[in-house]
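As provided, coords.txt (compact mmCIF, C-alpha atoms) reads as follows.
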```txt
# COMPACT_ATOMS: atom_id res chain seq x y z
CA MET A 1 48.27 -187.96 48.61
CA SER A 2 46.70 -190.90 46.78
CA TYR A 3 48.83 -190.20 43.73
CA LEU A 4 51.88 -191.37 45.72
CA ALA A 5 50.24 -194.49 47.08
CA TRP A 6 52.33 -196.79 44.86
CA ILE A 7 55.48 -196.12 46.84
CA ASP A 8 53.93 -197.55 50.01
CA PHE A 9 54.66 -201.09 48.77
CA ASP A 10 58.42 -200.62 49.04
CA PRO A 11 59.81 -198.71 52.05
CA GLU A 12 63.17 -198.05 50.37
CA GLU A 13 61.56 -196.70 47.21
CA ARG A 14 59.24 -194.58 49.33
CA ARG A 15 62.22 -193.15 51.20
CA ARG A 16 64.11 -192.34 48.00
CA ALA A 17 61.06 -190.82 46.32
CA GLN A 18 60.24 -188.63 49.31
CA THR A 19 63.85 -187.50 49.62
CA LEU A 20 63.83 -186.52 45.96
CA ILE A 21 60.58 -184.60 46.41
CA ASP A 22 61.96 -182.77 49.44
CA LEU A 23 65.22 -181.94 47.68
CA PHE A 24 63.31 -180.23 44.87
CA LYS A 25 62.18 -177.69 47.46
CA GLN A 26 65.70 -176.73 48.49
CA PRO A 27 67.58 -173.96 46.69
CA GLU A 28 71.03 -175.03 45.59
CA ALA A 29 74.29 -173.08 45.48
CA ARG A 30 75.03 -171.69 42.03
CA ASP A 31 75.70 -174.57 39.68
CA GLU A 32 76.87 -172.86 36.52
CA LEU A 33 78.11 -176.00 34.75
CA GLY A 34 75.47 -178.51 35.82
CA LEU A 35 77.63 -180.39 38.32
CA GLY A 36 74.90 -180.57 40.98
CA THR A 37 73.78 -184.12 40.29
CA ILE A 38 77.19 -185.64 41.00
CA ARG A 39 77.94 -183.17 43.79
CA ASP A 40 74.69 -183.91 45.62
CA GLY A 41 74.81 -187.64 44.95
CA LEU A 42 78.23 -187.96 46.60
CA ALA A 43 77.24 -185.61 49.43
CA ASP A 44 74.11 -187.64 50.15
CA LEU A 45 76.17 -190.81 50.41
CA LEU A 46 78.81 -189.25 52.63
CA PHE A 47 76.70 -186.93 54.79
CA PRO A 48 73.01 -187.89 54.50
CA GLY A 49 70.46 -185.56 56.06
CA THR A 50 72.62 -182.47 55.61
CA SER A 51 72.22 -179.57 53.22
CA THR A 52 74.26 -176.47 52.49
CA ILE A 53 71.60 -174.15 53.95
CA GLN A 54 71.46 -175.84 57.35
CA THR A 55 73.18 -174.07 60.22
CA ARG A 56 73.13 -175.94 63.57
CA ILE A 57 72.25 -179.52 64.40
CA ARG A 58 69.84 -178.72 67.26
CA TYR A 59 67.36 -177.54 64.62
CA MET A 60 66.94 -181.27 63.93
CA LEU A 61 65.17 -181.30 67.31
CA PHE A 62 63.67 -177.81 67.30
CA VAL A 63 61.53 -178.57 64.24
CA PRO A 64 59.94 -181.78 65.61
CA TRP A 65 59.31 -180.09 68.96
CA ILE A 66 57.54 -177.20 67.23
CA TYR A 67 55.40 -179.46 65.07
CA ARG A 68 54.46 -181.73 67.95
CA GLU A 69 53.38 -178.68 69.90
CA ALA A 70 51.25 -177.44 66.99
CA GLN A 71 49.70 -180.89 66.54
CA GLN A 72 48.65 -180.98 70.18
CA ARG A 73 46.52 -177.87 69.75
CA ARG A 74 42.79 -178.35 69.17
CA ALA A 75 42.55 -176.45 65.90
CA SER A 76 42.00 -176.82 62.18
CA GLN A 77 44.85 -177.62 59.81
CA ALA A 78 44.99 -173.99 58.68
CA GLU A 79 45.11 -172.83 62.29
CA ARG A 80 47.84 -175.32 63.17
CA THR A 81 49.83 -174.06 60.19
CA MET A 82 49.67 -170.53 61.59
CA ILE A 83 50.51 -171.83 65.08
CA ALA A 84 53.59 -173.66 63.80
CA ARG A 85 54.71 -170.59 61.87
CA GLU A 86 54.32 -168.40 64.96
CA LEU A 87 56.26 -170.89 67.07
CA GLU A 88 59.13 -170.84 64.59
CA PHE A 89 59.34 -167.05 64.95
CA GLU A 90 59.18 -167.41 68.74
CA LEU A 91 62.03 -169.91 68.59
CA SER A 92 64.24 -167.46 66.69
CA GLU A 93 63.52 -164.78 69.27
CA ALA A 94 64.22 -167.22 72.12
CA LEU A 95 67.58 -168.11 70.56
CA LEU A 96 68.51 -164.44 70.39
CA ARG A 97 67.49 -163.97 74.03
CA GLY A 98 69.62 -167.01 74.82
CA GLY A 99 72.70 -165.22 73.53
CA GLU A 100 72.97 -166.76 70.06
CA ARG A 101 74.10 -164.23 67.46
CA GLU A 102 75.18 -166.44 64.58
CA ASP A 103 73.35 -169.18 62.64
CA VAL A 104 69.90 -168.19 63.92
CA ILE A 105 67.55 -168.66 60.98
CA GLY A 106 65.59 -165.43 60.73
CA ARG A 107 68.02 -163.38 62.80
CA LEU A 108 67.95 -160.51 60.32
CA ALA A 109 64.64 -161.02 58.52
CA GLY A 110 62.59 -161.43 61.69
CA ARG A 111 58.92 -162.14 61.00
CA SER A 112 59.30 -161.34 57.31
CA LEU A 113 61.38 -164.51 56.94
CA LYS A 114 60.25 -166.54 53.93
CA ARG A 115 62.21 -169.79 54.40
CA LEU A 116 61.44 -171.08 57.86
CA PRO A 117 63.69 -173.56 59.73
CA SER A 118 61.15 -176.34 59.17
CA SER A 119 61.55 -176.13 55.38
CA VAL A 120 65.35 -176.05 55.71
CA TYR A 121 65.45 -179.21 57.85
CA TRP A 122 62.36 -181.08 56.67
CA ALA A 123 64.17 -183.44 54.28
CA GLY A 124 67.01 -184.02 56.73
CA ILE A 125 64.85 -185.06 59.67
CA TYR A 126 63.16 -187.62 57.42
CA THR A 127 66.45 -188.97 56.08
CA LEU A 128 67.67 -189.50 59.65
CA GLY A 129 64.40 -191.10 60.77
CA ILE A 130 63.49 -188.32 63.21
CA ARG A 131 60.17 -187.98 61.42
CA THR A 132 58.99 -191.38 60.36
CA LEU A 133 56.14 -190.58 57.96
CA ALA A 134 56.69 -189.30 54.44
CA GLY A 135 54.88 -186.12 53.54
CA ASN A 136 55.21 -182.36 53.51
CA GLN A 137 54.60 -179.95 56.36
CA ALA A 138 50.95 -179.45 55.44
CA THR A 139 50.37 -183.20 55.59
CA PHE A 140 51.79 -183.36 59.10
CA LEU A 141 49.70 -180.45 60.32
CA SER A 142 46.56 -182.16 59.04
CA TYR A 143 46.96 -184.56 61.99
CA GLY A 144 45.97 -183.03 65.29
CA SER A 145 45.59 -184.43 68.78
CA GLU A 146 42.10 -185.77 68.03
CA SER A 147 42.63 -187.11 64.52
CA LEU A 148 45.77 -189.01 65.51
CA LYS A 149 43.71 -191.11 67.88
CA ASP A 150 41.83 -192.50 64.90
CA HIS A 151 44.93 -193.38 62.87
CA ASP A 152 47.58 -195.99 63.49
CA LEU A 153 50.29 -193.54 62.50
CA ARG A 154 53.68 -192.81 64.00
CA LEU A 155 54.80 -189.39 62.87
CA TRP A 156 57.94 -188.97 64.96
CA CYS A 157 60.63 -191.23 66.34
CA THR A 158 59.39 -192.62 69.65
CA SER A 159 62.68 -191.84 71.41
CA LEU A 160 62.61 -188.14 70.51
CA PRO A 161 63.92 -186.26 73.58
CA ASP A 162 61.50 -184.21 75.66
CA VAL A 163 61.06 -180.58 74.73
CA PRO A 164 62.93 -178.13 77.03
CA GLU A 165 60.61 -176.30 79.43
CA LYS A 166 61.57 -172.80 78.26
CA LEU A 167 62.04 -173.54 74.58
CA PHE A 168 60.13 -170.46 73.45
CA GLU A 169 61.42 -168.17 76.18
CA GLN A 170 65.20 -168.54 76.15
CA VAL A 171 67.26 -171.27 74.51
CA ASN A 172 70.60 -171.84 72.75
CA PHE A 173 72.19 -174.30 70.33
CA LYS A 174 74.01 -176.32 72.99
CA LEU A 175 72.92 -179.96 72.92
CA LEU A 176 72.13 -181.83 76.09
CA THR A 177 73.85 -185.19 76.49
CA LYS A 178 70.63 -187.12 75.90
CA GLU A 179 69.96 -185.07 72.76
CA ALA A 180 73.43 -185.76 71.34
CA ASP A 181 73.00 -189.46 72.13
CA PHE A 182 69.64 -189.47 70.34
CA LEU A 183 71.06 -187.80 67.23
CA ARG A 184 74.01 -190.19 67.12
CA ASP A 185 71.58 -193.09 67.43
CA ARG A 186 69.49 -191.71 64.57
CA ILE A 187 72.57 -191.31 62.38
CA ALA A 188 73.69 -194.85 63.23
CA ALA A 189 70.26 -196.31 62.50
CA SER A 190 69.35 -194.35 59.36
CA ALA A 191 72.76 -193.58 57.86
CA LYS A 192 74.69 -196.61 59.03
CA THR A 193 77.06 -196.93 56.06
CA SER A 194 77.79 -193.21 55.71
CA LEU A 195 80.99 -191.38 56.54
CA LEU A 196 78.89 -189.17 58.81
CA ASN A 197 78.09 -192.18 60.99
CA GLU A 198 81.62 -193.53 60.96
CA LEU A 199 83.00 -190.19 62.14
CA ALA A 200 80.16 -189.55 64.62
CA SER A 201 81.00 -192.84 66.32
CA LYS A 202 84.47 -191.43 67.09
CA GLN A 203 82.92 -188.77 69.32
CA LYS A 204 85.63 -186.27 68.44
CA LYS A 205 86.00 -182.97 66.61
CA PHE A 206 87.55 -182.63 63.18
CA SER A 207 89.45 -179.58 61.96
CA GLU A 208 90.39 -180.74 58.45
CA ASP A 209 89.45 -178.36 55.64
CA TRP A 210 88.33 -181.22 53.38
CA ALA A 211 86.76 -184.59 54.07
CA TRP A 212 89.53 -186.39 52.15
CA GLN A 213 92.09 -185.03 54.60
CA VAL A 214 90.52 -187.05 57.43
CA HIS A 215 92.63 -190.08 58.32
CA GLU A 216 90.75 -192.56 60.47
CA ASP A 217 91.68 -196.24 60.51
CA SER A 218 88.10 -197.42 60.87
CA VAL A 219 86.73 -195.58 57.82
CA SER A 220 85.34 -198.29 55.54
CA ASP A 221 86.80 -199.10 52.14
CA ARG A 222 83.45 -198.08 50.62
CA ASN A 223 83.66 -194.58 52.07
CA ARG A 224 87.35 -194.29 51.23
CA SER A 225 86.40 -194.98 47.61
CA ILE A 226 83.61 -192.39 47.65
CA ILE A 227 85.90 -189.82 49.26
CA ARG A 228 88.55 -190.44 46.60
CA HIS A 229 85.96 -189.89 43.88
CA ALA A 230 84.83 -186.71 45.64
CA GLU A 231 88.39 -185.37 45.91
CA ARG A 232 89.10 -186.01 42.24
CA PHE A 233 85.78 -184.62 41.06
CA SER A 234 86.20 -181.50 43.19
CA GLY A 235 89.75 -180.97 42.01
CA VAL A 236 89.20 -181.60 38.30
CA MET A 237 85.96 -179.67 37.92
CA HIS A 238 87.26 -176.69 39.87
CA GLY A 239 89.42 -175.97 36.82
CA ALA A 240 86.33 -175.80 34.62
CA SER A 241 84.78 -173.28 37.02
CA ILE A 242 87.94 -171.15 37.00
CA LEU A 243 88.13 -171.19 33.21
CA TYR A 244 84.44 -170.32 32.96
CA ASN A 245 84.98 -167.22 35.12
CA LEU A 246 88.16 -166.31 33.23
CA LEU A 247 86.26 -166.37 29.94
CA LEU A 248 83.56 -164.16 31.46
CA ALA A 249 86.19 -161.73 32.73
CA LEU A 250 87.76 -161.55 29.27
CA ARG A 251 84.37 -160.78 27.74
CA ALA A 252 83.64 -158.20 30.44
CA THR A 253 86.83 -156.25 29.59
CA GLU A 254 85.34 -155.55 26.16
CA ARG A 255 81.87 -154.56 27.34
CA PRO A 256 81.55 -151.31 29.33
CA ASN A 257 77.99 -152.15 30.38
CA ALA A 258 79.09 -155.26 32.25
CA LYS A 259 78.72 -154.94 36.02
CA ALA A 260 82.27 -156.23 36.56
CA HIS A 261 83.81 -154.19 33.71
CA GLY A 262 85.84 -151.93 36.01
CA GLU A 263 87.52 -154.87 37.74
CA ALA A 264 87.60 -157.20 34.73
CA ALA A 265 91.28 -156.71 33.84
CA THR A 266 92.33 -157.50 37.40
CA LEU A 267 90.01 -160.51 37.48
CA VAL A 268 91.55 -161.84 34.27
CA GLU A 269 95.00 -161.92 35.85
CA GLU A 270 93.66 -163.46 39.06
CA TYR A 271 91.88 -166.24 37.17
CA ARG A 272 94.94 -166.90 35.00
CA GLN A 273 96.99 -167.34 38.14
CA SER A 274 94.28 -169.56 39.66
CA LEU A 275 94.39 -171.80 36.61
CA GLU A 276 98.14 -172.21 36.94
CA THR A 277 97.80 -173.02 40.63
CA TRP A 278 95.04 -175.49 39.84
CA ARG A 279 97.19 -177.33 37.31
CA GLY A 280 99.90 -177.79 39.89
CA GLU A 281 97.43 -179.19 42.42
CA LEU A 282 96.21 -181.91 40.05
CA LYS A 283 99.41 -183.94 40.22
CA HIS A 284 98.56 -185.78 43.44
CA LEU A 285 95.13 -186.91 42.17
CA ALA A 286 96.46 -189.72 39.95
CA LEU A 287 93.84 -188.93 37.34
CA GLN A 288 95.09 -191.47 34.81
CA SER A 289 93.66 -194.22 37.00
CA TRP A 290 90.35 -192.47 37.77
CA ASP A 291 87.45 -194.76 36.89
CA LEU A 292 84.62 -192.46 35.83
CA ASP A 293 82.29 -195.38 35.17
CA ASP A 294 82.59 -196.32 38.84
CA LEU A 295 81.85 -192.72 39.86
CA PHE A 296 78.74 -192.64 37.66
CA GLN A 297 77.60 -196.02 38.98
CA ILE A 298 77.90 -194.79 42.57
CA VAL A 299 75.92 -191.62 41.87
CA GLY A 300 73.33 -193.79 40.11
CA THR A 301 72.54 -195.51 43.41
CA THR A 302 71.17 -192.23 44.80
CA SER A 303 67.95 -190.38 44.04
CA HIS A 304 69.73 -188.00 41.66
CA ASN A 305 69.27 -188.44 37.91
CA LEU A 306 72.63 -188.35 36.17
CA THR A 307 72.02 -187.53 32.51
CA GLN A 308 74.12 -188.70 29.60
CA SER A 309 75.01 -185.10 28.75
CA SER A 310 76.46 -184.63 32.25
CA ARG A 311 78.49 -187.82 31.91
CA ASP A 312 79.80 -186.68 28.53
CA PHE A 313 80.70 -183.25 29.85
CA VAL A 314 82.69 -184.61 32.79
CA ARG A 315 84.40 -187.23 30.64
CA THR A 316 85.39 -184.71 27.95
CA TRP A 317 86.65 -182.17 30.49
CA LEU A 318 88.81 -184.85 32.12
CA GLU A 319 90.25 -185.77 28.72
CA ILE A 320 91.08 -182.13 28.04
CA THR A 321 92.65 -181.80 31.49
CA LEU A 322 94.86 -184.83 30.88
CA GLN A 323 95.83 -184.12 27.28
CA SER A 324 96.10 -180.35 26.93
CA ASN A 325 99.67 -179.06 27.12
CA LYS A 326 98.77 -175.47 26.33
CA SER A 327 96.99 -172.78 28.27
CA LEU A 328 93.31 -173.65 28.66
CA GLU A 329 92.55 -170.03 27.94
CA ARG A 330 93.71 -170.71 24.36
CA ASP A 331 92.40 -174.25 24.12
CA GLN A 332 89.50 -173.96 21.70
CA GLU A 333 88.19 -177.40 22.56
CA ALA A 334 87.93 -176.47 26.24
CA ILE A 335 86.29 -173.12 25.42
CA ASP A 336 83.78 -174.71 23.06
CA LEU A 337 82.94 -177.36 25.64
CA LEU A 338 82.05 -174.72 28.26
CA ARG A 339 80.07 -172.67 25.77
CA GLN A 340 78.08 -175.68 24.63
CA ARG A 341 77.47 -176.80 28.19
CA GLU A 342 76.20 -173.40 29.28
CA GLN A 343 74.06 -173.04 26.18
CA THR A 344 72.47 -176.43 26.84
CA LEU A 345 71.75 -175.57 30.46
CA LYS A 346 70.76 -171.90 30.23
CA ARG A 347 69.80 -171.07 26.65
CA MET A 348 69.39 -167.29 26.43
CA LYS A 349 70.59 -166.81 30.01
CA GLY A 350 74.08 -168.05 29.20
CA ARG A 351 76.79 -165.45 29.79
CA LEU A 352 79.44 -166.81 27.44
CA LEU A 353 77.31 -166.16 24.36
CA HIS A 354 74.80 -163.48 25.38
CA ASP A 355 75.57 -159.94 26.52
CA ALA A 356 72.55 -159.16 28.72
CA PRO A 357 73.26 -161.94 31.27
CA LEU A 358 76.97 -161.05 31.19
CA GLU A 359 76.18 -157.47 32.18
CA ARG A 360 74.74 -158.77 35.45
CA TRP A 361 77.77 -160.95 36.25
CA SER A 362 79.28 -159.94 39.61
CA GLY A 363 82.82 -161.12 38.89
CA ALA A 364 82.67 -164.62 40.36
CA SER A 365 80.04 -167.27 39.84
CA GLY A 366 80.00 -170.94 40.85
CA LEU A 367 83.67 -170.63 41.75
CA ALA A 368 83.83 -172.27 45.16
CA ARG A 369 85.50 -175.67 45.16
CA LEU A 370 83.06 -178.46 45.98
CA ASP A 371 83.28 -179.78 49.55
CA PHE A 372 80.18 -182.03 49.45
CA ARG A 373 78.74 -180.42 52.62
CA TRP A 374 81.80 -181.27 54.70
CA ALA A 375 81.70 -177.85 56.37
CA VAL A 376 78.17 -178.54 57.65
CA ALA A 377 78.99 -182.13 58.65
CA ARG A 378 82.19 -181.07 60.44
CA ARG A 379 80.26 -178.55 62.51
CA TYR A 380 77.61 -181.14 63.38
CA LEU A 381 80.27 -183.63 64.46
CA GLY A 382 81.76 -180.99 66.74
CA GLU A 383 78.39 -180.12 68.25
CA LEU A 384 77.67 -183.78 69.00
CA VAL A 385 80.81 -183.83 71.13
CA ASP A 386 80.56 -180.35 72.63
CA VAL A 387 77.51 -181.04 74.80
CA GLY A 388 76.50 -179.24 77.97
```
Structure rendered as structure tokens:
Amino acid sequence: MSYLAWIDFDPEERRRAQTLIDLFKQPEARDELGLGTIRDGLADLLFPGTSTIQTRIRYMLFVPWIYREAQQRRASQAERTMIARELEFELSEALLRGGEREDVIGRLAGRSLKRLPSSVYWAGIYTLGIRTLAGNQATFLSYGSESLKDHDLRLWCTSLPDVPEKLFEQVNFKLLTKEADFLRDRIAASAKTSLLNELASKQKKFSEDWAWQVHEDSVSDRNRSIIRHAERFSGVMHGASILYNLLLALRATERPNAKAHGEAATLVEEYRQSLETWRGELKHLALQSWDLDDLFQIVGTTSHNLTQSSRDFVRTWLEITLQSNKSLERDQEAIDLLRQREQTLKRMKGRLLHDAPLERWSGASGLARLDFRWAVARRYLGELVDVG
């Protein structure tokens, strides 16, 4: 790891660099229009340590417990890697024996599972200070019970709760009180300014569909500003996603080889109606006063690289949204903008200009409105309260 030695001089830079490295390993939801940088930047500020592929918060403890167990074995690094992998499979089986039927990573794949819980949660447990040393899983498994004696290294948070006695026999997702307290403490210490911490301190459940629907008096002005940016960005760019799918549906009606050809005419009408509904929902966003420079500056404080082309795309789409009085389906400027954006991002894989990728289109792609991981965070907040 000597090639990363330069980041050791600045703890904050080291944290940001390692987070970026870890994020590269995580698959993202379909991002057809290149909105991921802003989406993930805002999500990291609001709900640090989370990701869309996480399921339950107790995995934040399961993973350290598994790795500490593997590190205590007298074995080589390669052997400890196999031990940790086996323990992750045993954990999944123990969860099923404990009565869990949903959210168990590997429930269906069993021992053929490719993406283990440790890889899903590895970046998050570092962000929240549960693991305290930067590095990948292989790096951690290079330190065993003997080698750690010769190094002044602290791999895990010293207050990590004790492992349950029957962790690999029968277990469930229910947090113990001391575990919930530990996780809240980690959030407070490592994500102090985040909305996640502000809401976790309430020790209550939230049922709102969107983070911007939460009304708490003690939410800071900083987070209110970020939430407002998130609401506007989600609302405005959802229209671009709808139009993108409408244009694909229109193309699919003319191409019998397209996978969605049989349903294309119905999809066209559904997307037309969705665009009309979307226009009506924009009124409460007060877009004329939206400061995009402030949004871009906020995202720039994160580890995500916001390119000039992404800024230009968002800015131009907002201008079209505000100025166009005709149907976007017939707005050539809007259509050209999406075509150019997709061509820049995908080249020959773009569906708006090339038939082969269009033929594989399922009928909806990148259509979900952005929630900035609120669904994951909301579940975590509930689990922190619902202890047993």
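Residue nearest Thr277 (chain A), chosen from A:Leu247, A:Val163, A:Ala368, A:Ile242 and counting all atoms listed in the file: A:Ile242.
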Interatomic distance, CA of Leu87 (chain A) to CA of Leu116 (chain A) (Å, one decimal):
10.6 Å
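The nearest approach to Cys157 (chain A) among the residues A:Leu61, A:Val120, A:Ala249, A:Val104, with all atoms listed in the file taken into account, belongs to A:Leu61.
Counting all atoms listed in the file and comparing A:His215, A:Arg58, A:Arg360, A:Arg279, the residue that lies closest to His238 (chain A) is A:Arg279.
One finds CA of Gly262 (chain A) at 23.7 Å from CA of Glu276 (chain A).
Of note, CA of Arg224 (chain A) and CA of Ile57 (chain A) are spaced 24.9 Å apart.
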Which residues are near Trp210 (chain A)? Cut-off 10 Å, all atoms listed in the file, ignore same chain within fewer than 6 positions. Put them as a PyMOL selection string.
chain A and resi 227+231+370-375+378
Put the listed atoms of region 108-112 of chain A in a box along x, y and z with 8 Å added on every side and give me the centre and edge lengths in Å to one decimal, as AutoDock Vina command-line options.
```
--center_x 63.4 --center_y -161.3 --center_z 59.5 --size_x 25.0 --size_y 17.6 --size_z 20.4
```
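If you measure from each of A:Glu169, A:Asp185, A:Glu32, A:Glu179 to Met60 (chain A) using all atoms listed in the file, the closest one turns out to be A:Glu179.
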Residues at most 10 Å from region 336-344 of chain A, counting only C-alpha atoms, excluding those fewer than 3 positions away in the same chain, as a VMD selection string?
chain A and resid 32 to 34 240 to 241 243 to 244 247 309 to 310 313 316 to 317 320 331 to 333 347 to 354
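The shell of residues at most 10 Å from Leu91 (chain A), with all atoms listed in the file counted and near chain neighbours (fewer than 5 positions) removed, consists of A:Phe62, A:Val63, A:Ile66, A:Arg85, A:Glu86, A:Leu96, A:Arg97, A:Val104, A:Ile105, A:Gly106, A:Pro117, A:Leu167, A:Phe168, A:Glu169, A:Gln170, A:Val171, A:Asn172.
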For region 280-296 of chain A, list every protein, DNA or RNA residue within 7 Å, evaluated using all atoms listed in the file, and leave out those in the same chain fewer than 3 positions away; present the list as a ChimeraX atom specification.
/A:229,232,235,276-277,299-300
So, with only C-alpha atoms as the atoms that count, which of A:Gly41, A:Pro256, A:Gly239, A:Gly110 lies closest to Leu367 (chain A)?
A:Gly239
List every protein, DNA or RNA residue that has at least one atom no more than 12 Å from (54.7, -182.9, 57.7) in the file's coordinates, counting all atoms listed in the file, and write the result as a ChimeraX atom specification.
/A:18,22,63-64,66-68,70-71,77,80-81,84,118-119,121-123,125-126,130-144,154-156
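Between Arg379 (chain A) and the residues A:Leu306, A:Ala200, A:Ala260, A:Ala109, the shortest atom-to-atom distance, using all atoms listed in the file, involves A:Ala200.
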Give as a PyMOL selection string every residue, naming chains and numbers as the document does, that has an atom within 10 Å of (92.7, -163.1, 34.7), counting all atoms listed in the file.
chain A and resi 242-243+245-250+264-275+329
Pop region 318-336 of chain A out of the structure in the block and write N, CA and C atoms as a compact mmCIF listing (two decimals), in the first residue's frame.
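So the final result, stored in out23.txt, reads:
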```txt
# COMPACT_ATOMS: atom_id res chain seq x y z
N LEU A 318 -32.68 22.60 -16.71
CA LEU A 318 -33.48 23.50 -15.88
C LEU A 318 -34.01 24.65 -16.71
N GLU A 319 -33.18 25.21 -17.57
CA GLU A 319 -33.63 26.31 -18.43
C GLU A 319 -34.77 25.87 -19.33
N ILE A 320 -34.65 24.68 -19.90
CA ILE A 320 -35.72 24.15 -20.75
C ILE A 320 -37.00 23.96 -19.94
N THR A 321 -36.85 23.41 -18.74
CA THR A 321 -38.00 23.19 -17.85
C THR A 321 -38.73 24.49 -17.56
N LEU A 322 -37.97 25.56 -17.33
CA LEU A 322 -38.56 26.84 -16.96
C LEU A 322 -39.15 27.58 -18.15
N GLN A 323 -38.57 27.41 -19.32
CA GLN A 323 -38.93 28.24 -20.47
C GLN A 323 -39.88 27.59 -21.46
N SER A 324 -39.86 26.25 -21.53
CA SER A 324 -40.64 25.58 -22.56
C SER A 324 -42.13 25.61 -22.22
N ASN A 325 -42.93 26.13 -23.15
CA ASN A 325 -44.38 26.17 -22.98
C ASN A 325 -45.07 25.09 -23.79
N LYS A 326 -44.30 24.33 -24.56
CA LYS A 326 -44.90 23.29 -25.38
C LYS A 326 -44.55 21.92 -24.81
N SER A 327 -45.13 20.91 -25.38
CA SER A 327 -44.86 19.56 -24.95
C SER A 327 -43.38 19.24 -25.13
N LEU A 328 -42.76 18.70 -24.10
CA LEU A 328 -41.34 18.35 -24.20
C LEU A 328 -41.10 17.28 -25.26
N GLU A 329 -42.12 16.48 -25.52
CA GLU A 329 -42.01 15.47 -26.56
C GLU A 329 -41.75 16.09 -27.92
N ARG A 330 -42.17 17.35 -28.10
CA ARG A 330 -41.97 18.04 -29.38
C ARG A 330 -40.96 19.18 -29.26
N ASP A 331 -40.29 19.24 -28.14
CA ASP A 331 -39.29 20.28 -27.92
C ASP A 331 -37.94 19.77 -28.41
N GLN A 332 -37.54 20.24 -29.59
CA GLN A 332 -36.32 19.70 -30.20
C GLN A 332 -35.08 19.99 -29.37
N GLU A 333 -35.07 21.12 -28.67
CA GLU A 333 -33.92 21.41 -27.82
C GLU A 333 -33.79 20.39 -26.70
N ALA A 334 -34.91 20.03 -26.10
CA ALA A 334 -34.89 19.03 -25.03
C ALA A 334 -34.47 17.67 -25.56
N ILE A 335 -35.00 17.29 -26.73
CA ILE A 335 -34.65 16.00 -27.33
C ILE A 335 -33.17 15.94 -27.68
N ASP A 336 -32.67 17.00 -28.29
CA ASP A 336 -31.25 17.04 -28.67
C ASP A 336 -30.36 16.98 -27.43
```
